[in-house]
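Below is the file entry-v3.cif, which contains mmCIF, C-alpha atoms and all ligand atoms.
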data_data
#
loop_
_atom_site.label_atom_id
_atom_site.label_comp_id
_atom_site.auth_asym_id
_atom_site.auth_seq_id
_atom_site.Cartn_x
_atom_site.Cartn_y
_atom_site.Cartn_z
CA MET A 29 -8.94 -4.31 6.28
CA GLU A 30 -10.64 -5.88 9.23
CA SER A 31 -12.17 -2.84 10.87
CA THR A 32 -14.44 -2.01 7.98
CA LEU A 33 -14.96 -5.46 6.56
CA GLY A 34 -15.51 -7.41 9.75
CA LEU A 35 -18.97 -6.05 10.34
CA GLU A 36 -20.09 -5.95 6.74
CA ILE A 37 -19.21 -9.53 5.99
CA ILE A 38 -21.49 -10.58 8.82
CA GLU A 39 -24.33 -9.17 6.77
CA VAL A 40 -23.10 -11.01 3.69
CA VAL A 41 -23.33 -14.41 5.38
CA GLU A 42 -26.53 -13.47 7.19
CA GLN A 43 -28.28 -12.56 3.96
CA ALA A 44 -27.14 -15.79 2.28
CA ALA A 45 -28.29 -17.84 5.27
CA ILE A 46 -31.71 -16.18 5.44
CA ALA A 47 -32.29 -16.70 1.71
CA SER A 48 -31.24 -20.32 1.91
CA ALA A 49 -33.25 -21.01 5.06
CA ARG A 50 -36.44 -20.15 3.19
CA TRP A 51 -35.76 -23.34 1.23
CA MET A 52 -34.95 -25.39 4.29
CA GLY A 53 -36.71 -28.71 4.34
CA LYS A 54 -38.14 -28.30 0.84
CA GLY A 55 -36.04 -31.04 -0.65
CA GLU A 56 -34.62 -28.75 -3.35
CA LYS A 57 -30.90 -28.37 -2.80
CA ASP A 58 -30.25 -26.45 -5.99
CA MET A 59 -32.72 -23.75 -5.01
CA ALA A 60 -31.29 -23.58 -1.48
CA ASP A 61 -27.90 -22.96 -3.08
CA GLN A 62 -28.99 -20.61 -5.84
CA VAL A 63 -30.82 -18.16 -3.59
CA ALA A 64 -27.87 -18.12 -1.18
CA VAL A 65 -25.50 -17.33 -4.03
CA GLU A 66 -27.69 -14.49 -5.26
CA ALA A 67 -28.13 -12.99 -1.80
CA MET A 68 -24.45 -13.28 -0.96
CA ARG A 69 -23.39 -11.68 -4.20
CA GLU A 70 -25.88 -8.84 -3.93
CA ARG A 71 -24.79 -7.88 -0.41
CA MET A 72 -21.11 -8.32 -1.26
CA ASN A 73 -21.44 -5.90 -4.15
CA GLN A 74 -22.61 -3.19 -1.75
CA ILE A 75 -19.34 -3.25 0.18
CA HIS A 76 -16.62 -0.69 -0.41
CA MET A 77 -13.93 -3.19 -1.33
CA ARG A 78 -12.10 -4.55 -4.33
CA GLY A 79 -12.67 -8.27 -4.04
CA LYS A 80 -11.96 -11.21 -6.27
CA ILE A 81 -13.57 -14.61 -5.87
CA VAL A 82 -10.81 -17.22 -5.68
CA ILE A 83 -13.01 -20.05 -4.46
CA GLY A 84 -16.61 -19.93 -5.54
CA GLU A 85 -19.35 -21.64 -7.42
CA GLY A 86 -17.07 -22.96 -10.15
CA GLU A 87 -15.35 -21.92 -13.34
CA ARG A 88 -16.74 -18.89 -15.15
CA ASP A 89 -18.37 -20.97 -17.90
CA ASP A 90 -20.27 -23.16 -15.45
CA ALA A 91 -21.30 -20.65 -12.83
CA PRO A 92 -23.13 -17.42 -13.65
CA MET A 93 -22.48 -15.88 -10.22
CA LEU A 94 -19.63 -15.91 -7.73
CA TYR A 95 -17.53 -17.76 -10.26
CA ILE A 96 -13.79 -18.04 -9.80
CA GLY A 97 -12.22 -14.78 -10.93
CA GLU A 98 -15.36 -12.66 -10.53
CA ASP A 99 -14.79 -9.14 -9.26
CA VAL A 100 -16.99 -8.17 -6.35
CA GLY A 101 -17.45 -4.98 -4.36
CA ILE A 102 -18.08 -1.34 -5.19
CA CYS A 103 -14.38 -0.61 -5.67
CA THR A 104 -14.11 -2.97 -8.64
CA ARG A 105 -16.12 -0.51 -10.75
CA PRO A 106 -14.08 1.30 -13.40
CA ASP A 107 -14.55 4.71 -11.75
CA ALA A 108 -13.89 3.34 -8.24
CA ALA A 109 -10.93 5.65 -7.56
CA GLU A 110 -13.37 8.56 -7.40
CA TYR A 111 -15.27 7.24 -4.41
CA CYS A 112 -13.17 4.47 -2.83
CA ASN A 113 -10.25 5.34 -0.59
CA PRO A 114 -6.80 3.85 -1.35
CA GLU A 115 -7.09 1.10 1.25
CA GLU A 116 -10.36 -0.08 -0.23
CA LEU A 117 -8.70 -0.19 -3.62
CA LEU A 118 -6.27 -2.90 -2.51
CA GLU A 119 -7.37 -6.20 -3.97
CA ILE A 120 -8.57 -8.83 -1.56
CA ASP A 121 -9.25 -12.50 -2.22
CA ILE A 122 -12.48 -14.13 -1.18
CA ALA A 123 -13.44 -17.79 -0.84
CA VAL A 124 -17.16 -18.43 -0.59
CA ASP A 125 -19.58 -21.24 -0.03
CA PRO A 126 -22.99 -19.56 0.23
CA CYS A 127 -24.73 -22.78 1.24
CA GLU A 128 -22.27 -25.30 2.65
CA GLY A 129 -24.16 -28.53 3.12
CA THR A 130 -26.94 -27.96 0.57
CA ASN A 131 -28.41 -31.41 1.28
CA LEU A 132 -28.53 -30.61 4.99
CA CYS A 133 -30.51 -27.47 4.24
CA ALA A 134 -32.78 -29.17 1.73
CA TYR A 135 -33.64 -31.94 4.19
CA GLY A 136 -33.76 -29.81 7.32
CA GLN A 137 -30.72 -31.47 8.89
CA PRO A 138 -28.26 -29.74 11.23
CA GLY A 139 -24.95 -28.22 10.16
CA SER A 140 -25.52 -26.14 7.01
CA MET A 141 -23.97 -22.68 6.99
CA ALA A 142 -23.25 -19.75 4.71
CA VAL A 143 -19.48 -19.29 4.89
CA LEU A 144 -16.66 -17.23 3.46
CA ALA A 145 -13.02 -16.43 4.07
CA ILE A 146 -11.16 -13.25 3.13
CA SER A 147 -7.50 -12.42 2.90
CA GLU A 148 -5.27 -10.03 1.03
CA LYS A 149 -4.49 -10.88 -2.61
CA GLY A 150 -2.73 -14.24 -2.81
CA GLY A 151 -3.57 -15.08 0.80
CA LEU A 152 -5.85 -18.05 0.09
CA PHE A 153 -4.90 -21.22 -1.77
CA ALA A 154 -6.93 -21.41 -4.97
CA ALA A 155 -7.84 -25.06 -4.50
CA PRO A 156 -9.00 -26.97 -7.55
CA ASP A 157 -12.45 -28.49 -7.57
CA PHE A 158 -11.09 -31.82 -6.39
CA TYR A 159 -11.34 -33.70 -3.15
CA MET A 160 -9.15 -33.22 -0.11
CA LYS A 161 -8.16 -35.56 2.67
CA LYS A 162 -8.59 -33.53 5.84
CA LEU A 163 -7.51 -33.66 9.44
CA ALA A 164 -8.79 -31.12 11.93
CA ALA A 165 -8.12 -31.13 15.65
CA PRO A 166 -8.22 -28.72 18.62
CA PRO A 167 -5.49 -26.12 19.28
CA ALA A 168 -3.91 -28.34 21.97
CA ALA A 169 -3.05 -30.86 19.25
CA GLN A 170 -1.89 -28.31 16.68
CA GLY A 171 1.24 -29.55 14.91
CA LYS A 172 1.22 -32.75 16.95
CA VAL A 173 -1.29 -34.87 15.06
CA ASP A 174 -0.31 -35.47 11.46
CA ILE A 175 -2.35 -36.48 8.43
CA THR A 176 0.46 -38.75 7.25
CA LYS A 177 0.10 -40.85 10.41
CA SER A 178 -2.56 -43.51 10.85
CA ALA A 179 -5.83 -42.65 12.53
CA THR A 180 -4.84 -44.95 15.40
CA GLU A 181 -1.60 -43.06 15.98
CA ASN A 182 -3.34 -39.71 15.75
CA LEU A 183 -5.95 -40.76 18.29
CA LYS A 184 -3.20 -41.67 20.75
CA ILE A 185 -1.57 -38.28 20.26
CA LEU A 186 -4.90 -36.51 20.51
CA ALA A 187 -5.81 -38.27 23.73
CA GLU A 188 -2.48 -37.22 25.22
CA CYS A 189 -2.82 -33.62 24.08
CA LEU A 190 -6.33 -33.38 25.46
CA SER A 191 -5.51 -35.24 28.68
CA ARG A 192 -8.19 -37.84 28.23
CA SER A 193 -8.54 -41.43 27.20
CA ILE A 194 -9.18 -42.44 23.61
CA ASP A 195 -12.72 -43.57 24.40
CA GLU A 196 -13.47 -40.02 25.52
CA LEU A 197 -12.75 -38.71 22.02
CA VAL A 198 -15.37 -38.00 19.37
CA VAL A 199 -14.26 -38.03 15.74
CA VAL A 200 -16.51 -36.66 13.02
CA VAL A 201 -16.46 -38.54 9.73
CA MET A 202 -18.69 -38.12 6.69
CA LYS A 203 -20.78 -41.20 6.02
CA ARG A 204 -19.35 -42.33 2.72
CA GLU A 205 -18.27 -45.68 1.38
CA ARG A 206 -14.75 -44.34 0.96
CA HIS A 207 -14.53 -43.96 4.74
CA ASN A 208 -15.54 -47.50 5.73
CA ASP A 209 -12.01 -48.58 6.62
CA LEU A 210 -11.30 -45.31 8.41
CA ILE A 211 -14.46 -45.60 10.50
CA LYS A 212 -13.56 -49.15 11.47
CA GLU A 213 -10.04 -48.12 12.42
CA ILE A 214 -11.26 -45.26 14.62
CA ARG A 215 -13.75 -47.53 16.38
CA ASP A 216 -11.16 -50.29 16.81
CA ALA A 217 -8.81 -47.75 18.37
CA GLY A 218 -11.50 -47.07 20.97
CA ALA A 219 -12.75 -43.63 19.93
CA ARG A 220 -16.36 -42.81 19.13
CA VAL A 221 -17.44 -41.72 15.67
CA ARG A 222 -20.06 -39.14 14.88
CA LEU A 223 -21.18 -39.81 11.35
CA ILE A 224 -22.50 -36.88 9.39
CA SER A 225 -24.16 -37.03 6.00
CA ASP A 226 -22.65 -33.73 4.80
CA GLY A 227 -21.10 -30.49 5.98
CA ASP A 228 -17.51 -31.06 6.99
CA VAL A 229 -16.76 -27.33 7.33
CA SER A 230 -18.91 -27.04 10.42
CA ALA A 231 -17.29 -30.20 11.79
CA ALA A 232 -13.75 -28.95 11.14
CA ILE A 233 -14.34 -25.58 12.76
CA SER A 234 -16.07 -27.19 15.75
CA CYS A 235 -12.70 -28.77 16.58
CA GLY A 236 -11.37 -25.27 17.17
CA PHE A 237 -13.79 -24.66 20.04
CA ALA A 238 -13.71 -26.40 23.40
CA GLY A 239 -17.09 -27.61 24.55
CA THR A 240 -18.37 -28.77 21.17
CA ASN A 241 -17.52 -32.40 21.94
CA THR A 242 -15.82 -32.61 18.56
CA HIS A 243 -12.19 -33.63 18.87
CA ALA A 244 -11.25 -34.38 15.29
CA LEU A 245 -12.49 -34.40 11.74
CA MET A 246 -11.05 -37.13 9.57
CA GLY A 247 -11.73 -38.18 6.01
CA ILE A 248 -12.16 -36.87 2.50
CA GLY A 249 -14.37 -33.92 1.54
CA ALA A 250 -14.23 -31.22 -1.08
CA ALA A 251 -10.98 -29.28 -1.51
CA PRO A 252 -12.33 -25.72 -1.89
CA GLU A 253 -14.21 -25.95 1.40
CA GLY A 254 -11.00 -27.23 2.94
CA VAL A 255 -9.48 -23.80 2.38
CA ILE A 256 -12.39 -22.10 4.14
CA SER A 257 -12.07 -24.49 7.09
CA ALA A 258 -8.32 -23.86 7.14
CA ALA A 259 -8.85 -20.09 7.27
CA ALA A 260 -11.00 -20.42 10.38
CA MET A 261 -8.67 -22.94 12.00
CA ARG A 262 -5.62 -20.83 11.31
CA CYS A 263 -7.22 -17.91 13.16
CA LEU A 264 -8.25 -20.19 16.03
CA GLY A 265 -4.83 -21.84 16.30
CA GLY A 266 -6.45 -25.20 15.64
CA HIS A 267 -4.93 -28.02 13.63
CA PHE A 268 -5.87 -28.38 9.99
CA GLN A 269 -4.10 -30.26 7.24
CA GLY A 270 -5.26 -31.09 3.75
CA GLN A 271 -3.98 -33.27 0.96
CA LEU A 272 -5.49 -33.15 -2.53
CA ILE A 273 -7.14 -36.29 -3.84
CA TYR A 274 -6.95 -36.49 -7.59
CA ASP A 275 -7.33 -40.21 -8.21
CA PRO A 276 -10.89 -41.17 -9.18
CA ALA A 277 -10.19 -44.63 -7.77
CA VAL A 278 -10.09 -43.14 -4.26
CA VAL A 279 -13.30 -41.15 -4.59
CA LYS A 280 -15.60 -42.65 -7.13
CA THR A 281 -18.37 -40.07 -7.03
CA GLY A 282 -18.92 -36.40 -7.57
CA LEU A 283 -16.22 -33.89 -8.23
CA ILE A 284 -13.56 -35.86 -10.06
CA GLY A 285 -14.89 -37.83 -12.95
CA GLU A 286 -11.91 -37.72 -15.25
CA SER A 287 -8.85 -39.93 -15.31
CA LYS A 288 -6.03 -39.66 -12.80
CA GLU A 289 -3.65 -38.60 -15.58
CA ALA A 290 -5.96 -35.81 -16.74
CA ASN A 291 -6.32 -34.60 -13.15
CA LEU A 292 -2.58 -34.59 -12.63
CA ALA A 293 -2.15 -32.61 -15.83
CA ARG A 294 -4.74 -30.10 -14.60
CA LEU A 295 -2.90 -29.67 -11.33
CA LYS A 296 0.35 -29.12 -13.18
CA ASP A 297 -1.31 -26.45 -15.32
CA MET A 298 -2.38 -24.73 -12.12
CA GLY A 299 1.24 -24.68 -10.98
CA ILE A 300 0.83 -27.49 -8.43
CA THR A 301 4.03 -29.43 -8.96
CA ASP A 302 3.73 -31.76 -5.98
CA PRO A 303 0.18 -33.16 -6.10
CA ASP A 304 0.70 -35.18 -2.90
CA LYS A 305 1.81 -32.22 -0.83
CA VAL A 306 0.33 -31.97 2.64
CA TYR A 307 -0.90 -28.43 3.18
CA SER A 308 -1.08 -26.90 6.64
CA ALA A 309 -3.68 -24.32 7.65
CA ASP A 310 -0.94 -21.68 7.34
CA GLU A 311 -0.35 -22.69 3.73
CA LEU A 312 -3.99 -22.95 2.73
CA ALA A 313 -4.72 -19.56 4.29
CA SER A 314 -1.30 -17.95 4.16
CA GLY A 315 -2.28 -14.27 4.16
CA GLU A 316 -1.17 -11.87 6.82
CA THR A 317 -4.79 -10.94 7.43
CA VAL A 318 -7.35 -13.72 7.47
CA LEU A 319 -11.02 -13.37 8.24
CA PHE A 320 -13.65 -16.08 8.42
CA ALA A 321 -17.39 -15.53 8.60
CA GLY A 322 -20.19 -18.04 8.86
CA CYS A 323 -23.90 -17.91 9.59
CA GLY A 324 -25.97 -20.94 10.53
CA ILE A 325 -28.67 -21.91 8.06
CA THR A 326 -29.83 -24.94 10.00
CA PRO A 327 -28.85 -25.31 13.66
CA GLY A 328 -25.38 -26.68 14.23
CA ASN A 329 -22.71 -27.40 16.77
CA LEU A 330 -21.52 -23.82 16.79
CA MET A 331 -24.45 -21.68 15.75
CA GLU A 332 -28.19 -21.61 15.74
CA GLY A 333 -29.93 -21.80 12.39
CA VAL A 334 -32.15 -19.09 10.95
CA ARG A 335 -35.39 -18.72 12.90
CA PHE A 336 -38.19 -16.86 11.13
CA PHE A 337 -40.96 -15.03 12.92
CA HIS A 338 -43.73 -12.85 11.58
CA GLY A 339 -41.97 -9.92 9.89
CA GLY A 340 -38.42 -11.00 10.53
CA ALA A 341 -35.79 -13.56 11.39
CA ARG A 342 -33.08 -14.16 13.93
CA THR A 343 -29.64 -15.39 12.92
CA GLN A 344 -26.45 -16.38 14.62
CA SER A 345 -23.10 -15.77 12.97
CA LEU A 346 -19.47 -16.23 13.76
CA VAL A 347 -16.66 -13.96 12.63
CA ILE A 348 -13.09 -14.99 13.34
CA SER A 349 -10.12 -12.70 12.78
CA ASN A 350 -6.41 -13.32 13.08
CA GLN A 351 -5.84 -9.57 13.35
CA SER A 352 -7.90 -8.84 16.43
CA ASN A 353 -7.58 -12.47 17.63
CA THR A 354 -11.28 -12.65 18.17
CA ALA A 355 -14.05 -15.09 17.51
CA ARG A 356 -17.27 -13.12 17.67
CA PHE A 357 -20.65 -14.77 17.89
CA VAL A 358 -23.19 -12.33 16.58
CA ASP A 359 -26.86 -12.74 17.34
CA THR A 360 -28.97 -10.62 14.99
CA ILE A 361 -32.64 -9.83 14.74
CA HIS A 362 -33.63 -8.84 11.22
CA LEU A 363 -36.84 -6.90 10.71
CA PHE A 364 -37.94 -7.25 7.12
CA ASP A 365 -40.73 -4.68 6.99
CA LYS A 366 -40.27 -1.21 8.28
CA PRO A 367 -41.90 -1.77 11.64
CA ASP A 368 -43.92 0.76 13.68
CA TYR A 369 -42.16 -0.61 16.72
CA ILE A 370 -39.39 -3.12 17.19
CA ALA A 371 -41.01 -6.35 18.23
CA VAL A 372 -37.96 -8.32 19.31
CA LYS A 373 -38.62 -12.02 19.58
C1 LIG A 401 -19.96 -32.95 0.47
C2 LIG A 401 -20.35 -31.94 1.54
C3 LIG A 401 -19.16 -31.41 2.28
O1 LIG A 401 -17.81 -31.91 0.43
O2 LIG A 401 -19.66 -34.14 1.05
C4 LIG A 401 -18.77 -32.54 -0.36
O3 LIG A 401 -21.26 -32.41 2.40
C5 LIG A 401 -18.16 -33.60 -1.26
O4 LIG A 401 -18.31 -34.94 -0.95
O5 LIG A 401 -19.52 -30.54 3.30
P1 LIG A 401 -19.21 -35.96 -1.80
O6 LIG A 401 -19.01 -35.70 -3.26
O7 LIG A 401 -18.82 -37.33 -1.41
O8 LIG A 401 -20.65 -35.68 -1.40
C6 LIG A 401 -18.26 -30.84 1.27
O9 LIG A 401 -18.98 -29.92 0.53
C7 LIG A 401 -17.14 -29.96 1.78
O10 LIG A 401 -16.01 -30.55 2.03
#
In structure tokens, write the structure found in this file.
Ligand code: VTB
Amino acid sequence: MESTLGLEIIEVVEQAAIASARWMGKGEKDMADQVAVEAMRERMNQIHMRGKIVIGEGERDDAPMLYIGEDVGICTRPDAAEYCNPEELLEIDIAVDPCEGTNLCAYGQPGSMAVLAISEKGGLFAAPDFYMKKLAAPPAAQGKVDITKSATENLKILAECLSRSIDELVVVVMKRERHNDLIKEIRDAGARVRLISDGDVSAAISCGFAGTNTHALMGIGAAPEGVISAAAMRCLGGHFQGQLIYDPAVVKTGLIGESKEANLARLKDMGITDPDKVYSADELASGETVLFAGCGITPGNLMEGVRFFHGGARTQSLVISNQSNTARFVDTIHLFDKPDYIAVK
């Protein structure tokens, strides 16, 4: 799966990032998202694969493109068997977020990315559109920190695992009212907090790389993106845990507007019998083969953003694979017009 897909999915995230970056700083987050969705879908449909969106833009009725359950790829066509080889005919599951951190893109802030994760059928947890309490940490702390422990306890463990003092740790937290107590606790424990307005996927994955000065992500973000973060962290051997948040009293805004009872009923319908279960990265991205791809829209901790020049753009992407055990940073120059000569900038 990886050999053919690995390179092509780079182009999928690159195209989404370039489209979205044209709307960077324009203050229109819906446009930044919409063009990314269109570009991602168009490029995805040129790949010889039989893909199904398991995490996407929403339920079929609400999202016209990249909706949950949508078939993508050339080999989903009815006559695919005639021109797709048997391996390409195996169904794969795809989780996408064409513009993660739409606000960041719309306001020209760092950390927005086009991201996706791929696995064989059934290899990615089909997370409901709820919230998720998340804990990400570097590989050295994998399986040692625990989301069920207090932030204070986890910081002690983390400091030990990373052979440093607590005040040398940086924890990323999204600036939300729901995190006020958490932020206070982290500061009281002696660690330093980097508050971000949006974009916890970039923050989670940064924990997987030494040198990013990001030692943990704590707090509550969206559940579907948690699966994409988990896919990357699983490949990197980093720590990631997630716990669904279904009680509107915990998160008063956004995704969950209904009652707690209705949310619990929805989870049950989806076959989630233990709504309080703590999911590990291995459970959220359980497939044998897991691939993650991301491309910076605005500059971030891990990747540059899209930089346009006359007639082209330069992007930086990251592809992580648990098959080849590689994390590839790919620097690409895109020439939009057919040039007379390649003017690399
Ligand atoms: C956003 C976004 C994150 O979750 O915060 C969203 O920035 C949900 O949280 O990157 P709010 O409803 O409080 O804004 C993410 O999309 C992903 O977890």
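Distance-wise, atom CA of Leu33 of chain A and atom CA of Tyr307 of chain A end up 27.1 Å apart.
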Taking only C-alpha atoms and all ligand atoms into account, which of A:Lys149, A:Arg204, A:Lys172, A:Arg356 comes nearest ligand LIG 401 (chain A)?
->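 Looking only at the distances to ligand LIG 401 (chain A), the closest residue turns out to be A:Arg204.
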Nearby polymer residues, ligand LIG 401 (chain A), at most 8 Å, all atoms listed in the file, as a PyMOL selection string = chain A and resi 128-132+159-160+202+204+225-230+248-254+279+281-283
Atom-to-atom span, atom CA of Ala165 of chain A and atom CA of Gly236 of chain A, Å = 6.9 Å
Determine, counting all atoms listed in the file, which protein, DNA and RNA residues have an atom within 10 Å of an atom of segment 263-265 of chain A; residues of the same chain fewer than 4 positions away are not included. Present the result as a list in words.
->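 The residues satisfying every condition are Ala165, Pro166, Pro167, Ala168, Ala169, Gln170, Gly171, Ile233, Cys235, Gly236, Phe237, Ala258, Ala259, Ala309, Asp310, Ala313, Thr317, Val318, Leu319, Phe320, Ile348, Ser349, Asn350, Gln351, Ser352, Asn353, Thr354 and Ala355 of chain A.
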Once you count only C-alpha atoms, which residues end up no further than 9 Å from (-8.7, -35.5, 22.5) in the file's frame, shown as a ChimeraX atom specification?
-> /A:165-166,168-169,183-194,196-198,242-244
